[in-house]
Amino acid sequence: MRKISFSQLMCEGVNVTRIAAVERRWRNGNVNRYPSGRGQNIISYTISGKKHICTGDEGQEICSLTAPAAVLIARGAPYISRTELTEEEYGHTICVRFAMTDDMGEELQLEEPYRYWENDPDGRLLHLFRGILAAYLAPGTPRLLLKARLLELLHELAGAREGAHIPPDFHTILPAIRYIEKHPAENTTVPELAAMCFLSESYFRARFRAFAGCSPTDYRNRLRVAKAKELLQSSLWTTDLIAETLGFYDTSHFYRVYKRITGQTPRGE
């Protein structure tokens, strides 16, 4: 079994297996105890009510989530969940259970035992959860479709929703971080990035360096090089094509940046 961080899911060849989904309603005070954790990963969406999740009877509270919210609990992570209601008669959740393997069939274990996302203002997460449930319940649904819908949900949580885990001190530069990560091949200037955040260029540079430990340009280049490493494994991609596709000025620029970041050339020299 190999450990993997949640953020690495989008960079790895991940296969989801043993998928199951259920929609449940809970009464006030309902408690579910899993002192040894579950045998698979579970991700749930709270549609109504409030969920308190702790590490054990006397353990630390992991989160207290008021609907709408989602939580992911990794395989083997101990927890206790308790439903709290105010005006609703029932709490309402959709739960999805699954395992993960890599391309070689080795099971993957998430490094972070618990992860959660609060708020769903556009209803996107609920739509994805309902899509998984519908695919699971429909007679004759192709397994590939069910896997695709779960992977789409994981992609949404690992990508677009990751800003929720950036420390609040850096939320002022979140628009620029998201833009760079979504468009790493674009040579957007620092003044343009600062303008996205309604900040002065000097203040933006200082906050970005405090966040990433490097300049916005270096941050973008690290993303490009990480993708270049992946493309270099395929015979379909030449170094010239990689340089052009990932936004480098030319192949020699690609070589210089790649060697500065990795210590060797794209050819492994």
# chains A, B, ... in the order shown; residues from 1 in each chain; ligands from 1
$ select_by_dssp --residues "segment 98-248 of chain A" --states "helix (DSSP H, G or I)" --output "JSON, numbers by chain"
{"A": [124, 125, 126, 127, 128, 129, 130, 131, 132, 133, 134, 135, 136, 137, 143, 144, 145, 146, 147, 148, 149, 150, 151, 152, 153, 154, 155, 156, 157, 158, 162, 163, 164, 165, 168, 169, 170, 171, 172, 173, 174, 175, 176, 177, 178, 179, 180, 181, 182, 190, 191, 192, 193, 194, 195, 196, 201, 202, 203, 204, 205, 206, 207, 208, 209, 210, 211, 212, 216, 217, 218, 219, 220, 221, 222, 223, 224, 225, 226, 227, 228, 229, 230, 231, 239, 240, 241, 242, 243, 244, 245]}
$ write_last_selection --atoms "C-alpha atoms" --output "PDB file, in the first residue's frame"
ATOM      1  CA  ARG A 124     -21.924  22.336  -7.741  1.00  0.00           C
ATOM      2  CA  LEU A 125     -20.888  19.793  -5.107  1.00  0.00           C
ATOM      3  CA  LEU A 126     -24.466  18.692  -4.435  1.00  0.00           C
ATOM      4  CA  HIS A 127     -24.969  18.229  -8.181  1.00  0.00           C
ATOM      5  CA  LEU A 128     -21.896  15.978  -8.357  1.00  0.00           C
ATOM      6  CA  PHE A 129     -22.923  13.921  -5.327  1.00  0.00           C
ATOM      7  CA  ARG A 130     -26.422  13.440  -6.752  1.00  0.00           C
ATOM      8  CA  GLY A 131     -24.888  12.384 -10.071  1.00  0.00           C
ATOM      9  CA  ILE A 132     -22.851   9.665  -8.371  1.00  0.00           C
ATOM     10  CA  LEU A 133     -25.874   8.436  -6.427  1.00  0.00           C
ATOM     11  CA  ALA A 134     -28.065   8.364  -9.542  1.00  0.00           C
ATOM     12  CA  ALA A 135     -25.428   6.443 -11.504  1.00  0.00           C
ATOM     13  CA  TYR A 136     -24.998   3.954  -8.661  1.00  0.00           C
ATOM     14  CA  LEU A 137     -28.744   3.298  -8.337  1.00  0.00           C
ATOM     15  CA  ARG A 143     -19.057   1.015 -14.162  1.00  0.00           C
ATOM     16  CA  LEU A 144     -16.944   3.401 -16.232  1.00  0.00           C
ATOM     17  CA  LEU A 145     -19.618   6.108 -15.909  1.00  0.00           C
ATOM     18  CA  LEU A 146     -19.800   5.653 -12.135  1.00  0.00           C
ATOM     19  CA  LYS A 147     -16.013   5.920 -11.866  1.00  0.00           C
ATOM     20  CA  ALA A 148     -15.990   8.993 -14.107  1.00  0.00           C
ATOM     21  CA  ARG A 149     -18.511  10.784 -11.906  1.00  0.00           C
ATOM     22  CA  LEU A 150     -16.586  10.048  -8.713  1.00  0.00           C
ATOM     23  CA  LEU A 151     -13.326  11.171 -10.314  1.00  0.00           C
ATOM     24  CA  GLU A 152     -15.053  14.383 -11.406  1.00  0.00           C
ATOM     25  CA  LEU A 153     -16.054  15.024  -7.792  1.00  0.00           C
ATOM     26  CA  LEU A 154     -12.514  14.359  -6.538  1.00  0.00           C
ATOM     27  CA  HIS A 155     -11.163  16.667  -9.230  1.00  0.00           C
ATOM     28  CA  GLU A 156     -13.530  19.417  -8.119  1.00  0.00           C
ATOM     29  CA  LEU A 157     -12.495  19.018  -4.483  1.00  0.00           C
ATOM     30  CA  ALA A 158      -8.766  18.724  -5.168  1.00  0.00           C
ATOM     31  CA  GLU A 162      -8.515  23.753  -2.714  1.00  0.00           C
ATOM     32  CA  GLY A 163      -8.581  27.474  -2.010  1.00  0.00           C
ATOM     33  CA  ALA A 164     -10.586  26.680   1.100  1.00  0.00           C
ATOM     34  CA  HIS A 165      -7.419  25.247   2.632  1.00  0.00           C
ATOM     35  CA  PRO A 168      -6.893  33.057   5.598  1.00  0.00           C
ATOM     36  CA  ASP A 169      -3.902  35.408   5.622  1.00  0.00           C
ATOM     37  CA  PHE A 170      -3.420  34.664   1.929  1.00  0.00           C
ATOM     38  CA  HIS A 171      -7.003  34.789   0.693  1.00  0.00           C
ATOM     39  CA  THR A 172      -6.324  38.251  -0.751  1.00  0.00           C
ATOM     40  CA  ILE A 173      -4.069  36.645  -3.398  1.00  0.00           C
ATOM     41  CA  LEU A 174      -6.291  33.605  -3.966  1.00  0.00           C
ATOM     42  CA  PRO A 175      -7.578  34.817  -7.387  1.00  0.00           C
ATOM     43  CA  ALA A 176      -4.000  34.961  -8.697  1.00  0.00           C
ATOM     44  CA  ILE A 177      -3.043  31.579  -7.220  1.00  0.00           C
ATOM     45  CA  ARG A 178      -6.057  29.944  -8.820  1.00  0.00           C
ATOM     46  CA  TYR A 179      -5.408  31.661 -12.161  1.00  0.00           C
ATOM     47  CA  ILE A 180      -1.779  30.525 -12.302  1.00  0.00           C
ATOM     48  CA  GLU A 181      -2.698  26.963 -11.362  1.00  0.00           C
ATOM     49  CA  LYS A 182      -5.461  26.843 -13.969  1.00  0.00           C
ATOM     50  CA  VAL A 190       2.838  40.201 -12.240  1.00  0.00           C
ATOM     51  CA  PRO A 191       0.992  43.537 -12.641  1.00  0.00           C
ATOM     52  CA  GLU A 192      -1.894  41.656 -14.271  1.00  0.00           C
ATOM     53  CA  LEU A 193      -1.963  39.130 -11.422  1.00  0.00           C
ATOM     54  CA  ALA A 194      -1.868  41.906  -8.832  1.00  0.00           C
ATOM     55  CA  ALA A 195      -4.767  43.627 -10.579  1.00  0.00           C
ATOM     56  CA  MET A 196      -6.838  40.427 -10.290  1.00  0.00           C
ATOM     57  CA  GLU A 201       2.273  45.202  -7.363  1.00  0.00           C
ATOM     58  CA  SER A 202       4.751  45.544  -4.492  1.00  0.00           C
ATOM     59  CA  TYR A 203       2.298  44.331  -1.854  1.00  0.00           C
ATOM     60  CA  PHE A 204       1.161  41.473  -4.101  1.00  0.00           C
ATOM     61  CA  ARG A 205       4.767  40.342  -4.644  1.00  0.00           C
ATOM     62  CA  ALA A 206       5.435  40.369  -0.896  1.00  0.00           C
ATOM     63  CA  ARG A 207       2.275  38.404  -0.036  1.00  0.00           C
ATOM     64  CA  PHE A 208       2.885  35.872  -2.800  1.00  0.00           C
ATOM     65  CA  ARG A 209       6.461  35.239  -1.673  1.00  0.00           C
ATOM     66  CA  ALA A 210       5.256  34.802   1.897  1.00  0.00           C
ATOM     67  CA  PHE A 211       2.746  32.230   0.635  1.00  0.00           C
ATOM     68  CA  ALA A 212       4.842  30.250  -1.868  1.00  0.00           C
ATOM     69  CA  PRO A 216       4.782  34.237  -9.050  1.00  0.00           C
ATOM     70  CA  THR A 217       6.946  33.502 -12.090  1.00  0.00           C
ATOM     71  CA  ASP A 218       8.901  30.795 -10.272  1.00  0.00           C
ATOM     72  CA  TYR A 219       5.662  29.324  -8.932  1.00  0.00           C
ATOM     73  CA  ARG A 220       4.310  29.087 -12.475  1.00  0.00           C
ATOM     74  CA  ASN A 221       7.556  27.567 -13.746  1.00  0.00           C
ATOM     75  CA  ARG A 222       7.451  24.892 -11.045  1.00  0.00           C
ATOM     76  CA  LEU A 223       3.980  23.921 -12.206  1.00  0.00           C
ATOM     77  CA  ARG A 224       5.205  23.815 -15.809  1.00  0.00           C
ATOM     78  CA  VAL A 225       8.184  21.653 -14.952  1.00  0.00           C
ATOM     79  CA  ALA A 226       6.018  19.255 -12.946  1.00  0.00           C
ATOM     80  CA  LYS A 227       3.811  18.811 -16.008  1.00  0.00           C
ATOM     81  CA  ALA A 228       6.852  18.563 -18.295  1.00  0.00           C
ATOM     82  CA  LYS A 229       8.164  15.636 -16.228  1.00  0.00           C
ATOM     83  CA  GLU A 230       4.917  13.812 -16.909  1.00  0.00           C
ATOM     84  CA  LEU A 231       4.929  14.588 -20.645  1.00  0.00           C
ATOM     85  CA  THR A 239      11.006  18.657 -25.954  1.00  0.00           C
ATOM     86  CA  ASP A 240      10.221  21.277 -28.617  1.00  0.00           C
ATOM     87  CA  LEU A 241       6.499  20.493 -28.397  1.00  0.00           C
ATOM     88  CA  ILE A 242       6.558  20.491 -24.589  1.00  0.00           C
ATOM     89  CA  ALA A 243       8.286  23.878 -24.540  1.00  0.00           C
ATOM     90  CA  GLU A 244       5.748  25.361 -26.950  1.00  0.00           C
ATOM     91  CA  THR A 245       2.691  23.850 -25.241  1.00  0.00           C
TER      92      THR A 245
END
$ closest_atom_pairs --of "segment 87-174 of chain A" --to "segment 39-45 of chain A" --cutoff "8 Å" --atoms "only C-alpha atoms" --output "JSON lines"
{"residue": "A:Thr93", "atom": "CA", "partner": "A:Tyr45", "partner_atom": "CA", "distance": 5.4}
{"residue": "A:Ile94", "atom": "CA", "partner": "A:Tyr45", "partner_atom": "CA", "distance": 5.3}
{"residue": "A:Cys95", "atom": "CA", "partner": "A:Ser44", "partner_atom": "CA", "distance": 4.2}
{"residue": "A:Val96", "atom": "CA", "partner": "A:Ile43", "partner_atom": "CA", "distance": 5.3}
{"residue": "A:Arg97", "atom": "CA", "partner": "A:Ile42", "partner_atom": "CA", "distance": 4.4}
{"residue": "A:Phe98", "atom": "CA", "partner": "A:Asn41", "partner_atom": "CA", "distance": 5.4}
{"residue": "A:Ala99", "atom": "CA", "partner": "A:Gln40", "partner_atom": "CA", "distance": 5.4}
{"residue": "A:Leu126", "atom": "CA", "partner": "A:Tyr45", "partner_atom": "CA", "distance": 7.2}
{"residue": "A:Phe129", "atom": "CA", "partner": "A:Tyr45", "partner_atom": "CA", "distance": 7.3}
$ write_last_selection --atoms "C-alpha atoms" --output "PDB file, in the first residue's frame"
ATOM      1  CA  THR A  93     -26.715  13.305   3.769  1.00  0.00           C
ATOM      2  CA  ILE A  94     -25.372  11.560   0.678  1.00  0.00           C
ATOM      3  CA  CYS A  95     -22.423   9.230   1.358  1.00  0.00           C
ATOM      4  CA  VAL A  96     -20.040   7.689  -1.151  1.00  0.00           C
ATOM      5  CA  ARG A  97     -17.631   4.869  -0.249  1.00  0.00           C
ATOM      6  CA  PHE A  98     -14.653   3.917  -2.407  1.00  0.00           C
ATOM      7  CA  ALA A  99     -11.121   2.515  -2.580  1.00  0.00           C
ATOM      8  CA  LEU A 126     -24.466  18.692  -4.435  1.00  0.00           C
ATOM      9  CA  PHE A 129     -22.923  13.921  -5.327  1.00  0.00           C
TER      10      PHE A 129
END
$ atom_distance --atom1 "atom CA of Val14 of chain A" --atom2 "atom CA of Thr262 of chain A"
24.6 Å
$ closest_residue --among "A:Ile73, A:Gly29, A:Thr55, A:Thr251" --to "Thr238 of chain A" --atoms "only C-alpha atoms"
A:Thr251
$ residues_around --residues "Pro78 of chain A" --least-positions-apart "5" --cutoff "7 Å" --atoms "only C-alpha atoms" --output "VMD selection string"
chain A and resid 34 to 37 55 to 56
$ closest_residue --among "A:Glu61, A:Glu84, A:Glu107, A:Asp122" --to "Arg18 of chain A" --atoms "only C-alpha atoms"
A:Glu107
$ residues_around --residues "Ile47 of chain A" --least-positions-apart "4" --cutoff "7 Å" --atoms "only C-alpha atoms" --output "ChimeraX atom specification"
/A:67-68,92-93
$ write_last_selection --atoms "N, CA and C atoms" --output "PDB file, in the first residue's frame"
ATOM      1  N   ALA A  67     -24.723  22.390   7.141  1.00  0.00           N
ATOM      2  CA  ALA A  67     -25.066  22.233   5.730  1.00  0.00           C
ATOM      3  C   ALA A  67     -25.143  23.599   5.019  1.00  0.00           C
ATOM      4  N   PRO A  68     -24.677  23.634   3.754  1.00  0.00           N
ATOM      5  CA  PRO A  68     -24.116  22.533   2.969  1.00  0.00           C
ATOM      6  C   PRO A  68     -22.610  22.400   3.207  1.00  0.00           C
ATOM      7  N   HIS A  92     -29.889  15.246   6.631  1.00  0.00           N
ATOM      8  CA  HIS A  92     -29.944  14.636   5.302  1.00  0.00           C
ATOM      9  C   HIS A  92     -28.531  14.609   4.708  1.00  0.00           C
ATOM     10  N   THR A  93     -28.056  13.421   4.339  1.00  0.00           N
ATOM     11  CA  THR A  93     -26.715  13.305   3.769  1.00  0.00           C
ATOM     12  C   THR A  93     -26.712  12.351   2.574  1.00  0.00           C
TER      13      THR A  93
END
$ residues_around --residues "Arg82 of chain A" --least-positions-apart "3" --cutoff "12 Å" --atoms "only C-alpha atoms" --output "list in words"
Trp26, Arg27, Asn28, Gly29, Asn30, Val31, Asn32, Arg33, Tyr34, Gly49, Lys50, Lys51, His52, Ile53, Cys54, Thr55, Gly56, Asp57, Glu61, Ile62, Cys63, Ser64, Leu65, Tyr79, Leu85 and Gly91 of chain A
$ atom_distance --atom1 "atom CA of Ser5 of chain A" --atom2 "atom CA of Glu186 of chain A"
27.0 Å
$ select_by_dssp --residues "segment 49-240 of chain A" --states "strand (DSSP E or B)" --output "PDB file with N, CA and C atoms, in the first residue's frame"
ATOM      1  N   LYS A  50     -26.575  19.553  10.937  1.00  0.00           N
ATOM      2  CA  LYS A  50     -25.198  19.846  11.322  1.00  0.00           C
ATOM      3  C   LYS A  50     -24.523  18.558  11.759  1.00  0.00           C
ATOM      4  N   LYS A  51     -23.289  18.378  11.365  1.00  0.00           N
ATOM      5  CA  LYS A  51     -22.532  17.179  11.706  1.00  0.00           C
ATOM      6  C   LYS A  51     -21.321  17.562  12.554  1.00  0.00           C
ATOM      7  N   HIS A  52     -21.180  16.886  13.698  1.00  0.00           N
ATOM      8  CA  HIS A  52     -19.984  17.021  14.523  1.00  0.00           C
ATOM      9  C   HIS A  52     -19.160  15.752  14.327  1.00  0.00           C
ATOM     10  N   ILE A  53     -17.892  15.898  13.961  1.00  0.00           N
ATOM     11  CA  ILE A  53     -17.042  14.728  13.736  1.00  0.00           C
ATOM     12  C   ILE A  53     -15.815  14.822  14.632  1.00  0.00           C
ATOM     13  N   CYS A  54     -15.614  13.774  15.455  1.00  0.00           N
ATOM     14  CA  CYS A  54     -14.506  13.734  16.408  1.00  0.00           C
ATOM     15  C   CYS A  54     -13.652  12.495  16.159  1.00  0.00           C
ATOM     16  N   GLU A  61     -12.358  17.300  18.443  1.00  0.00           N
ATOM     17  CA  GLU A  61     -13.316  17.514  17.366  1.00  0.00           C
ATOM     18  C   GLU A  61     -12.568  17.873  16.089  1.00  0.00           C
ATOM     19  N   ILE A  62     -12.837  17.152  15.026  1.00  0.00           N
ATOM     20  CA  ILE A  62     -12.195  17.403  13.741  1.00  0.00           C
ATOM     21  C   ILE A  62     -12.866  18.580  13.053  1.00  0.00           C
ATOM     22  N   CYS A  63     -14.191  18.547  13.022  1.00  0.00           N
ATOM     23  CA  CYS A  63     -14.916  19.632  12.384  1.00  0.00           C
ATOM     24  C   CYS A  63     -16.366  19.623  12.851  1.00  0.00           C
ATOM     25  N   SER A  64     -16.989  20.763  12.728  1.00  0.00           N
ATOM     26  CA  SER A  64     -18.405  20.910  13.013  1.00  0.00           C
ATOM     27  C   SER A  64     -19.002  21.586  11.783  1.00  0.00           C
ATOM     28  N   LEU A  65     -19.691  20.813  10.965  1.00  0.00           N
ATOM     29  CA  LEU A  65     -20.104  21.275   9.646  1.00  0.00           C
ATOM     30  C   LEU A  65     -21.599  21.524   9.579  1.00  0.00           C
ATOM     31  N   THR A  66     -21.957  22.747   9.230  1.00  0.00           N
ATOM     32  CA  THR A  66     -23.355  23.099   9.006  1.00  0.00           C
ATOM     33  C   THR A  66     -23.637  23.050   7.515  1.00  0.00           C
ATOM     34  N   ALA A  69     -22.141  21.176   3.311  1.00  0.00           N
ATOM     35  CA  ALA A  69     -20.720  20.936   3.546  1.00  0.00           C
ATOM     36  C   ALA A  69     -20.382  19.494   3.186  1.00  0.00           C
ATOM     37  N   ALA A  70     -19.105  19.241   2.918  1.00  0.00           N
ATOM     38  CA  ALA A  70     -18.650  17.890   2.579  1.00  0.00           C
ATOM     39  C   ALA A  70     -17.461  17.533   3.448  1.00  0.00           C
ATOM     40  N   VAL A  71     -17.309  16.248   3.737  1.00  0.00           N
ATOM     41  CA  VAL A  71     -16.171  15.776   4.522  1.00  0.00           C
ATOM     42  C   VAL A  71     -15.672  14.463   3.927  1.00  0.00           C
ATOM     43  N   LEU A  72     -14.363  14.315   3.901  1.00  0.00           N
ATOM     44  CA  LEU A  72     -13.725  13.082   3.438  1.00  0.00           C
ATOM     45  C   LEU A  72     -12.967  12.469   4.603  1.00  0.00           C
ATOM     46  N   ILE A  73     -13.244  11.197   4.896  1.00  0.00           N
ATOM     47  CA  ILE A  73     -12.548  10.485   5.964  1.00  0.00           C
ATOM     48  C   ILE A  73     -11.840   9.299   5.326  1.00  0.00           C
ATOM     49  N   TYR A  79     -13.252   7.618  13.844  1.00  0.00           N
ATOM     50  CA  TYR A  79     -14.069   8.824  14.008  1.00  0.00           C
ATOM     51  C   TYR A  79     -15.424   8.482  14.599  1.00  0.00           C
ATOM     52  N   ILE A  80     -16.043   9.514  15.150  1.00  0.00           N
ATOM     53  CA  ILE A  80     -17.419   9.448  15.625  1.00  0.00           C
ATOM     54  C   ILE A  80     -18.142  10.652  15.041  1.00  0.00           C
ATOM     55  N   SER A  81     -19.314  10.425  14.457  1.00  0.00           N
ATOM     56  CA  SER A  81     -20.099  11.543  13.932  1.00  0.00           C
ATOM     57  C   SER A  81     -21.416  11.630  14.698  1.00  0.00           C
ATOM     58  N   ARG A  82     -21.840  12.868  14.944  1.00  0.00           N
ATOM     59  CA  ARG A  82     -23.094  13.096  15.672  1.00  0.00           C
ATOM     60  C   ARG A  82     -23.916  14.141  14.934  1.00  0.00           C
ATOM     61  N   THR A  83     -25.206  13.852  14.747  1.00  0.00           N
ATOM     62  CA  THR A  83     -26.110  14.762  14.044  1.00  0.00           C
ATOM     63  C   THR A  83     -26.750  15.733  15.033  1.00  0.00           C
ATOM     64  N   GLU A  84     -26.735  17.010  14.666  1.00  0.00           N
ATOM     65  CA  GLU A  84     -27.399  18.031  15.479  1.00  0.00           C
ATOM     66  C   GLU A  84     -28.398  18.769  14.591  1.00  0.00           C
ATOM     67  N   GLY A  91     -31.765  15.134   9.649  1.00  0.00           N
ATOM     68  CA  GLY A  91     -30.572  15.523   8.932  1.00  0.00           C
ATOM     69  C   GLY A  91     -30.511  14.715   7.642  1.00  0.00           C
ATOM     70  N   HIS A  92     -29.889  15.246   6.631  1.00  0.00           N
ATOM     71  CA  HIS A  92     -29.944  14.636   5.302  1.00  0.00           C
ATOM     72  C   HIS A  92     -28.531  14.609   4.708  1.00  0.00           C
ATOM     73  N   THR A  93     -28.056  13.421   4.339  1.00  0.00           N
ATOM     74  CA  THR A  93     -26.715  13.305   3.769  1.00  0.00           C
ATOM     75  C   THR A  93     -26.712  12.351   2.574  1.00  0.00           C
ATOM     76  N   ILE A  94     -25.707  12.533   1.715  1.00  0.00           N
ATOM     77  CA  ILE A  94     -25.372  11.560   0.678  1.00  0.00           C
ATOM     78  C   ILE A  94     -23.949  11.099   0.971  1.00  0.00           C
ATOM     79  N   CYS A  95     -23.739   9.789   1.051  1.00  0.00           N
ATOM     80  CA  CYS A  95     -22.423   9.230   1.358  1.00  0.00           C
ATOM     81  C   CYS A  95     -21.933   8.366   0.201  1.00  0.00           C
ATOM     82  N   VAL A  96     -20.663   8.492  -0.098  1.00  0.00           N
ATOM     83  CA  VAL A  96     -20.040   7.689  -1.151  1.00  0.00           C
ATOM     84  C   VAL A  96     -18.826   6.977  -0.548  1.00  0.00           C
ATOM     85  N   ARG A  97     -18.740   5.673  -0.763  1.00  0.00           N
ATOM     86  CA  ARG A  97     -17.631   4.869  -0.249  1.00  0.00           C
ATOM     87  C   ARG A  97     -16.818   4.353  -1.432  1.00  0.00           C
ATOM     88  N   PHE A  98     -15.487   4.348  -1.286  1.00  0.00           N
ATOM     89  CA  PHE A  98     -14.653   3.917  -2.407  1.00  0.00           C
ATOM     90  C   PHE A  98     -13.240   3.574  -1.943  1.00  0.00           C
ATOM     91  N   ALA A  99     -12.548   2.797  -2.771  1.00  0.00           N
ATOM     92  CA  ALA A  99     -11.121   2.515  -2.580  1.00  0.00           C
ATOM     93  C   ALA A  99     -10.366   3.110  -3.760  1.00  0.00           C
ATOM     94  N   MET A 100      -9.045   3.228  -3.636  1.00  0.00           N
ATOM     95  CA  MET A 100      -8.229   3.795  -4.706  1.00  0.00           C
ATOM     96  C   MET A 100      -6.998   2.933  -4.945  1.00  0.00           C
ATOM     97  N   THR A 101      -6.638   2.784  -6.205  1.00  0.00           N
ATOM     98  CA  THR A 101      -5.401   2.105  -6.573  1.00  0.00           C
ATOM     99  C   THR A 101      -4.664   2.951  -7.586  1.00  0.00           C
ATOM    100  N   GLU A 107      -2.890  -0.507  -3.883  1.00  0.00           N
ATOM    101  CA  GLU A 107      -3.857   0.325  -3.174  1.00  0.00           C
ATOM    102  C   GLU A 107      -3.193   1.586  -2.651  1.00  0.00           C
ATOM    103  N   LEU A 108      -3.925   2.693  -2.735  1.00  0.00           N
ATOM    104  CA  LEU A 108      -3.438   3.987  -2.277  1.00  0.00           C
ATOM    105  C   LEU A 108      -4.102   4.360  -0.958  1.00  0.00           C
ATOM    106  N   GLN A 109      -3.295   4.887  -0.041  1.00  0.00           N
ATOM    107  CA  GLN A 109      -3.789   5.321   1.262  1.00  0.00           C
ATOM    108  C   GLN A 109      -3.588   6.829   1.369  1.00  0.00           C
ATOM    109  N   LEU A 110      -4.656   7.570   1.655  1.00  0.00           N
ATOM    110  CA  LEU A 110      -4.547   9.012   1.810  1.00  0.00           C
ATOM    111  C   LEU A 110      -3.754   9.356   3.069  1.00  0.00           C
ATOM    112  N   TYR A 114      -8.444  13.215   7.548  1.00  0.00           N
ATOM    113  CA  TYR A 114      -9.704  13.947   7.487  1.00  0.00           C
ATOM    114  C   TYR A 114      -9.515  15.204   6.632  1.00  0.00           C
ATOM    115  N   ARG A 115     -10.541  15.531   5.873  1.00  0.00           N
ATOM    116  CA  ARG A 115     -10.506  16.737   5.057  1.00  0.00           C
ATOM    117  C   ARG A 115     -11.949  17.195   4.859  1.00  0.00           C
ATOM    118  N   TYR A 116     -12.183  18.495   4.891  1.00  0.00           N
ATOM    119  CA  TYR A 116     -13.559  18.947   4.769  1.00  0.00           C
ATOM    120  C   TYR A 116     -13.642  20.259   3.988  1.00  0.00           C
ATOM    121  N   TRP A 117     -14.826  20.494   3.452  1.00  0.00           N
ATOM    122  CA  TRP A 117     -15.100  21.668   2.644  1.00  0.00           C
ATOM    123  C   TRP A 117     -16.423  22.266   3.098  1.00  0.00           C
ATOM    124  N   GLU A 118     -16.402  23.513   3.516  1.00  0.00           N
ATOM    125  CA  GLU A 118     -17.606  24.194   3.972  1.00  0.00           C
ATOM    126  C   GLU A 118     -18.160  25.071   2.858  1.00  0.00           C
TER     127      GLU A 118
END
$ decode --residues "segment 102-124 of chain A" --atoms "C-alpha atoms" --output "compact mmCIF listing (two decimals), in the first residue's frame"
# COMPACT_ATOMS: atom_id res chain seq x y z
CA ASP A 102 -2.62 3.36 -8.81
CA ASP A 103 -2.00 2.32 -12.41
CA MET A 104 -0.19 -0.82 -11.25
CA GLY A 105 -3.09 -1.92 -9.04
CA GLU A 106 -1.41 -1.04 -5.73
CA GLU A 107 -3.86 0.32 -3.17
CA LEU A 108 -3.44 3.99 -2.28
CA GLN A 109 -3.79 5.32 1.26
CA LEU A 110 -4.55 9.01 1.81
CA GLU A 111 -1.99 10.70 4.07
CA GLU A 112 -4.54 13.14 5.51
CA PRO A 113 -7.09 11.18 7.57
CA TYR A 114 -9.70 13.95 7.49
CA ARG A 115 -10.51 16.74 5.06
CA TYR A 116 -13.56 18.95 4.77
CA TRP A 117 -15.10 21.67 2.64
CA GLU A 118 -17.61 24.19 3.97
CA ASN A 119 -20.22 25.96 1.84
CA ASP A 120 -21.43 25.14 -1.65
CA PRO A 121 -22.80 28.47 -2.89
CA ASP A 122 -23.39 27.41 -6.49
CA GLY A 123 -24.66 23.91 -5.64
CA ARG A 124 -21.92 22.34 -7.74
